[in-house]
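Shown next, in structure tokens, is the structure this report addresses.
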Amino acid sequence: MKRSENSISERICKPLSVPNMSLYSFLLHRNPINASKTVCRCHDEVLLFKGLKIKSGQCAKALLALGVQKGDIVPICSEPSIAAIVVFFALNRIGAISCFLNSTASVEEINGYLRKFESKTFVISSNCYSKLHQMDEKLEPIDHVICMPSIGSDNQMGKNEVGIIYFMDLLTLGQSENVNLDLGCKDDAAHISFTSGTTGAPKSILLSNENLMAELIALKKATMMQWGPCGNSMQVVPFNYPYGFIVSVLFPMYCGKTVTLTPMMTLQNIGDYLERYQPNYINGIPAFYFQLMQEKSADSDLSFIKFPVTGGDTLDASTEEKVNNFLRLHGSKGRIMNGCGNGEGCGSLLNPASVIERYRPGSCGKAIPGLSVKLISDETGKAVPIGQTGRFCFSGTNLMMEYYHDTTATNNVIKTDQTGMRWFYSDAYMHMDKDGWMYMDGRDRRFFITFDSSGSPYKVYCDYVQSIINGVSNRILGCAVVKKADSIRSFAPVAYIQFQGSQEEWNITLKDIQMVCAAKLQSCAVPVEYIRIDKLPLTAAGKMDYSVLERVTNEA
């Protein structure tokens, strides 16, 4: 396809083509990168590439023996584990659809998914096992429950209960089965992942083998990550999000790296995991780096961190620099880089491209290879000029099949143009520079319309106001700006600020914040309140939970 002119925020490119096979065949039946090397590790447990082939084959045959068929959805409720990875590939080898559920989800939420997916087989870890006894006794049509071991728990839980199959017993069931595996094709549905739920209940994203393979190929092209075992990666985000599994596990696995799983990671023990495994690649989130800066002592050595990436929420340029200064002081030559994406596109769409080009601080990166992008005006539906803000839309081979069994929601976000290209209309508003680097300006729910002193409407982008406040002082650990109902202006901004320091220091910094906001923001974008908060609320995905602050603000 012809490349668009640089005068508008649109980049059209040829979509990636992938081989007609299953994800398993794509990853593990090609020429082995290092077949005797470790594909992942989890505390003291390790899994080799060749071991993954053997165990996933045993598990696949056992699942067939239990009646799992092509197209069946098998939910997996588990913290990150080697067993969960084995089950994922086993399901892919028989054409079934895997689905990682949030291991901290409520019983009611899990029940809802089991009904929605009409699942007959359910996989659950020992740590989540107690949820079984709280579930609806009338829940149908579950026939088999498979219990996997968990780190730090009694791995024999459920072994002797009727209807419960212990994972090690499952592997033995498949040893004698003489059946054909790996007959899937690229068009087959392969995996269900979830949105982060920041705009309501998480949506179920149905992804094909083709979607997954395209994402891995694109990330390899974008990052130029070397083939082979040199360098190891650490998973931070849970498996139920694409960023936590597809980007942080499948991608480094595709490149031949060892992936470190972190089933017991909390914001309080990040340093322990880093010290133990010393990862070179980290796909983190802002909360991860914020906590790291608070936790590590002055003499801590972080020289092993070479490629620190952040996703989920975007870090503004000033906060990026705070993290970079921290890493430099602790011996790391890596510099924080913003990526950006969503689950509907398999997790990563805009990549920092640090190996190919020098990353531009404050940006969200450039479109990954094979991805067409455009920033459109909501009013005209056309691409906006370079440098102006527009709604982020993308098209490519990694675009999801659908929201599972939700045609209305799917049609609301995917539009087909006159050339036949399927475009996803995201809730993100960005601007693009002349070289194709993208910068986040806000989201649908993260801007609001207010009125200036003359009564003219004005859009307030909350994320931009946050970036101004974050840049005032290194003592500011985070900022969240939300709207507050206002009888005169409709809405007005309120800023919640997590500050490290004494009350006297806060008073001085607050005056600086007020002065900077007055100088850099239009009057209607200046917060009407600045509220110091001990800790900013986070969602289960580690993103800022603005809904909590909005509720508190408007109930006051």
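We label chains A, B, ... in the order they appear in the structure tokens, count residues from 1 in each chain, and number ligands from 1 in the order shown.
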Worksheet item: Residues at most 6 Å from range 407-415 of chain A, counting only C-alpha atoms, excluding those fewer than 2 positions away in the same chain, as a VMD selection string?
Response: chain A and resid 402 to 403 422 to 425
Fill in: Exercise: range 270-276 of chain A partners within 12 Å, only C-alpha atoms, chain neighbours under 5 positions left out, as a PyMOL selection string
chain A and resi 41-44+232-236+260-265+281-282+284+287-297+300-305
Per-residue nearest contacts of range 3-85 of chain A to range 116-124 of chain A (6 Å; only C-alpha atoms) as JSON lines:
{"residue": "A:Ile73", "atom": "CA", "partner": "A:Ser119", "partner_atom": "CA", "distance": 5.8}
{"residue": "A:Val74", "atom": "CA", "partner": "A:Thr121", "partner_atom": "CA", "distance": 5.7}
{"residue": "A:Pro75", "atom": "CA", "partner": "A:Phe122", "partner_atom": "CA", "distance": 5.6}
{"residue": "A:Ile76", "atom": "CA", "partner": "A:Val123", "partner_atom": "CA", "distance": 4.7}
{"residue": "A:Cys77", "atom": "CA", "partner": "A:Ile124", "partner_atom": "CA", "distance": 4.7}
{"residue": "A:Ser78", "atom": "CA", "partner": "A:Ile124", "partner_atom": "CA", "distance": 5.7}
Those same residues - N, CA, C and O atoms - I'd like them written as a short mmCIF file (atom, residue, chain, number, x, y, z; two decimals), in the first residue's frame.
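Output file result01.cif follows:
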data_model
loop_
_atom_site.label_atom_id
_atom_site.label_comp_id
_atom_site.auth_asym_id
_atom_site.auth_seq_id
_atom_site.Cartn_x
_atom_site.Cartn_y
_atom_site.Cartn_z
N ILE A 73 -13.77 -23.76 25.30
CA ILE A 73 -13.05 -22.75 26.08
C ILE A 73 -12.76 -23.33 27.45
O ILE A 73 -13.67 -23.78 28.16
N VAL A 74 -11.49 -23.34 27.82
CA VAL A 74 -11.07 -23.87 29.12
C VAL A 74 -10.46 -22.73 29.93
O VAL A 74 -9.34 -22.29 29.67
N PRO A 75 -11.18 -22.21 30.93
CA PRO A 75 -10.63 -21.15 31.78
C PRO A 75 -9.57 -21.71 32.73
O PRO A 75 -9.67 -22.83 33.22
N ILE A 76 -8.56 -20.88 32.98
CA ILE A 76 -7.47 -21.24 33.89
C ILE A 76 -7.40 -20.15 34.95
O ILE A 76 -7.04 -19.01 34.66
N CYS A 77 -7.77 -20.50 36.17
CA CYS A 77 -7.74 -19.53 37.28
C CYS A 77 -6.49 -19.82 38.10
O CYS A 77 -6.45 -20.75 38.89
N SER A 78 -5.46 -19.03 37.87
CA SER A 78 -4.17 -19.33 38.48
C SER A 78 -3.28 -18.11 38.49
O SER A 78 -3.37 -17.25 37.61
#
Discussion item. Just checking: using only C-alpha atoms, which residue out of A:Phe167, A:Trp506, A:Phe251, A:Tyr277 ends up closest to Leu23 in chain A?
Written reply: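 The shortest atom-to-atom distance to Leu23 in chain A comes from A:Phe251.
The spacing separating CA of Leu521 in chain A from CA of Thr314 in chain A amounts to 20.2 Å.
Considering only C-alpha atoms, the residue among A:Ile476, A:Pro286, A:Phe394, A:Cys13 positioned nearest to Asp512 in chain A is A:Ile476.
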Please identify all polymer residues within 12 Å of Glu550 in chain A, counting only C-alpha atoms, omitting same-chain residues fewer than 6 positions from it, and present them as a JSON list (two decimals) with C-alpha atoms, in the first residue's frame.
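File produced: selection.json:
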[["chain", "number", "residue", "atom", "x", "y", "z"],
["A", 445, "ARG", "CA", -12.96, 9.20, 30.08],
["A", 446, "ARG", "CA", -9.88, 11.23, 30.88],
["A", 480, "ALA", "CA", -4.18, 11.82, 39.52],
["A", 481, "VAL", "CA", -6.46, 14.52, 38.12],
["A", 482, "VAL", "CA", -10.21, 13.92, 38.01],
["A", 483, "LYS", "CA", -13.26, 16.04, 37.28],
["A", 484, "LYS", "CA", -15.55, 17.50, 39.91],
["A", 485, "ALA", "CA", -19.09, 18.66, 39.27],
["A", 491, "PHE", "CA", -16.91, 20.44, 35.68],
["A", 492, "ALA", "CA", -13.61, 21.52, 37.19],
["A", 493, "PRO", "CA", -10.33, 19.60, 37.73],
["A", 494, "VAL", "CA", -9.17, 18.32, 41.12],
["A", 495, "ALA", "CA", -5.61, 17.00, 41.65],
["A", 496, "TYR", "CA", -4.69, 14.21, 44.07],
["A", 537, "PRO", "CA", -5.50, 3.77, 44.31],
["A", 544, "MET", "CA", -4.48, 4.24, 38.33],
["A", 556, "ALA", "CA", -17.71, 15.01, 49.28]]
Item to complete: Determine the nearest neighbour of Asn211 in chain A from the options A:Asn269, A:Ser17, A:Ser318, A:Thr380, counting only C-alpha atoms.
Response: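 That would be A:Ser17, the residue with the smallest distance to Asn211 in chain A.
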Worksheet item: Residues at most 9 Å from Ile192 in chain A, counting only C-alpha atoms, excluding those fewer than 5 positions away in the same chain, as a list of chain:residue names?
Response: A:Ile73, A:Pro75, A:Ile97, A:Ser98, A:Cys99, A:Phe100, A:Ser204, A:Ile205, A:Leu206, A:Leu207, A:Ser208, A:Asn240, A:Tyr404
Go ahead and write the selection's residues with all heavy atoms as a short mmCIF file (atom, residue, chain, number, x, y, z; two decimals), in the first residue's frame.
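Result went into out10.cif, see below:
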data_model
loop_
_atom_site.label_atom_id
_atom_site.label_comp_id
_atom_site.auth_asym_id
_atom_site.auth_seq_id
_atom_site.Cartn_x
_atom_site.Cartn_y
_atom_site.Cartn_z
N ILE A 73 -13.77 -23.76 25.30
CA ILE A 73 -13.05 -22.75 26.08
C ILE A 73 -12.76 -23.33 27.45
O ILE A 73 -13.67 -23.78 28.16
CB ILE A 73 -13.88 -21.46 26.21
CG1 ILE A 73 -14.17 -20.87 24.83
CG2 ILE A 73 -13.14 -20.44 27.07
CD1 ILE A 73 -15.09 -19.67 24.85
N PRO A 75 -11.18 -22.21 30.93
CA PRO A 75 -10.63 -21.15 31.78
C PRO A 75 -9.57 -21.71 32.73
O PRO A 75 -9.67 -22.83 33.22
CB PRO A 75 -11.86 -20.66 32.57
CG PRO A 75 -13.04 -21.17 31.80
CD PRO A 75 -12.60 -22.47 31.21
N ILE A 97 -9.54 -23.41 23.24
CA ILE A 97 -9.28 -21.99 23.50
C ILE A 97 -8.94 -21.81 24.98
O ILE A 97 -9.74 -22.16 25.86
CB ILE A 97 -10.52 -21.15 23.13
CG1 ILE A 97 -10.88 -21.36 21.65
CG2 ILE A 97 -10.26 -19.68 23.42
CD1 ILE A 97 -12.21 -20.77 21.25
N SER A 98 -7.77 -21.28 25.25
CA SER A 98 -7.36 -21.01 26.63
C SER A 98 -7.88 -19.66 27.08
O SER A 98 -8.15 -18.77 26.27
CB SER A 98 -5.83 -21.04 26.73
OG SER A 98 -5.27 -20.11 25.82
N CYS A 99 -8.00 -19.51 28.39
CA CYS A 99 -8.49 -18.24 28.94
C CYS A 99 -7.99 -18.11 30.37
O CYS A 99 -8.41 -18.86 31.24
CB CYS A 99 -10.02 -18.21 28.90
SG CYS A 99 -10.73 -16.78 29.73
N PHE A 100 -7.07 -17.19 30.61
CA PHE A 100 -6.57 -16.96 31.97
C PHE A 100 -7.51 -16.01 32.70
O PHE A 100 -7.76 -14.89 32.25
CB PHE A 100 -5.17 -16.36 31.93
CG PHE A 100 -4.11 -17.31 31.46
CD1 PHE A 100 -3.41 -17.06 30.29
CD2 PHE A 100 -3.80 -18.45 32.18
CE1 PHE A 100 -2.43 -17.93 29.85
CE2 PHE A 100 -2.83 -19.34 31.75
CZ PHE A 100 -2.15 -19.09 30.58
N SER A 204 -14.13 -9.61 27.17
CA SER A 204 -13.45 -10.84 26.77
C SER A 204 -12.99 -10.70 25.32
O SER A 204 -13.82 -10.60 24.40
CB SER A 204 -14.40 -12.03 26.90
OG SER A 204 -14.97 -12.09 28.20
N ILE A 205 -11.68 -10.72 25.10
CA ILE A 205 -11.10 -10.49 23.78
C ILE A 205 -10.74 -11.83 23.15
O ILE A 205 -9.90 -12.57 23.67
CB ILE A 205 -9.82 -9.63 23.90
CG1 ILE A 205 -10.12 -8.31 24.61
CG2 ILE A 205 -9.19 -9.40 22.55
CD1 ILE A 205 -8.87 -7.58 25.07
N LEU A 206 -11.39 -12.16 22.05
CA LEU A 206 -11.13 -13.42 21.36
C LEU A 206 -10.02 -13.21 20.32
O LEU A 206 -10.16 -12.39 19.41
CB LEU A 206 -12.39 -13.94 20.68
CG LEU A 206 -12.28 -15.32 20.01
CD1 LEU A 206 -11.98 -16.40 21.05
CD2 LEU A 206 -13.58 -15.65 19.26
N LEU A 207 -8.94 -13.98 20.47
CA LEU A 207 -7.77 -13.86 19.61
C LEU A 207 -7.52 -15.17 18.86
O LEU A 207 -7.70 -16.25 19.41
CB LEU A 207 -6.53 -13.51 20.44
CG LEU A 207 -6.61 -12.21 21.26
CD1 LEU A 207 -5.44 -12.12 22.22
CD2 LEU A 207 -6.65 -11.00 20.34
N SER A 208 -7.08 -15.05 17.63
CA SER A 208 -6.77 -16.22 16.80
C SER A 208 -5.28 -16.54 16.87
O SER A 208 -4.47 -15.73 17.36
CB SER A 208 -7.16 -15.96 15.35
OG SER A 208 -6.35 -14.93 14.80
N ASN A 240 -3.76 -12.76 32.87
CA ASN A 240 -5.07 -12.50 32.28
C ASN A 240 -5.10 -11.25 31.40
O ASN A 240 -6.07 -10.99 30.71
CB ASN A 240 -6.16 -12.39 33.36
CG ASN A 240 -5.80 -11.44 34.48
OD1 ASN A 240 -4.82 -11.66 35.19
ND2 ASN A 240 -6.60 -10.41 34.67
N TYR A 404 -15.85 -11.60 22.69
CA TYR A 404 -16.52 -12.89 22.64
C TYR A 404 -18.04 -12.77 22.80
O TYR A 404 -18.53 -12.26 23.81
CB TYR A 404 -15.96 -13.82 23.72
CG TYR A 404 -16.59 -15.19 23.72
CD1 TYR A 404 -16.28 -16.12 22.74
CD2 TYR A 404 -17.54 -15.53 24.69
CE1 TYR A 404 -16.87 -17.37 22.73
CE2 TYR A 404 -18.13 -16.78 24.68
CZ TYR A 404 -17.79 -17.70 23.70
OH TYR A 404 -18.40 -18.94 23.68
#
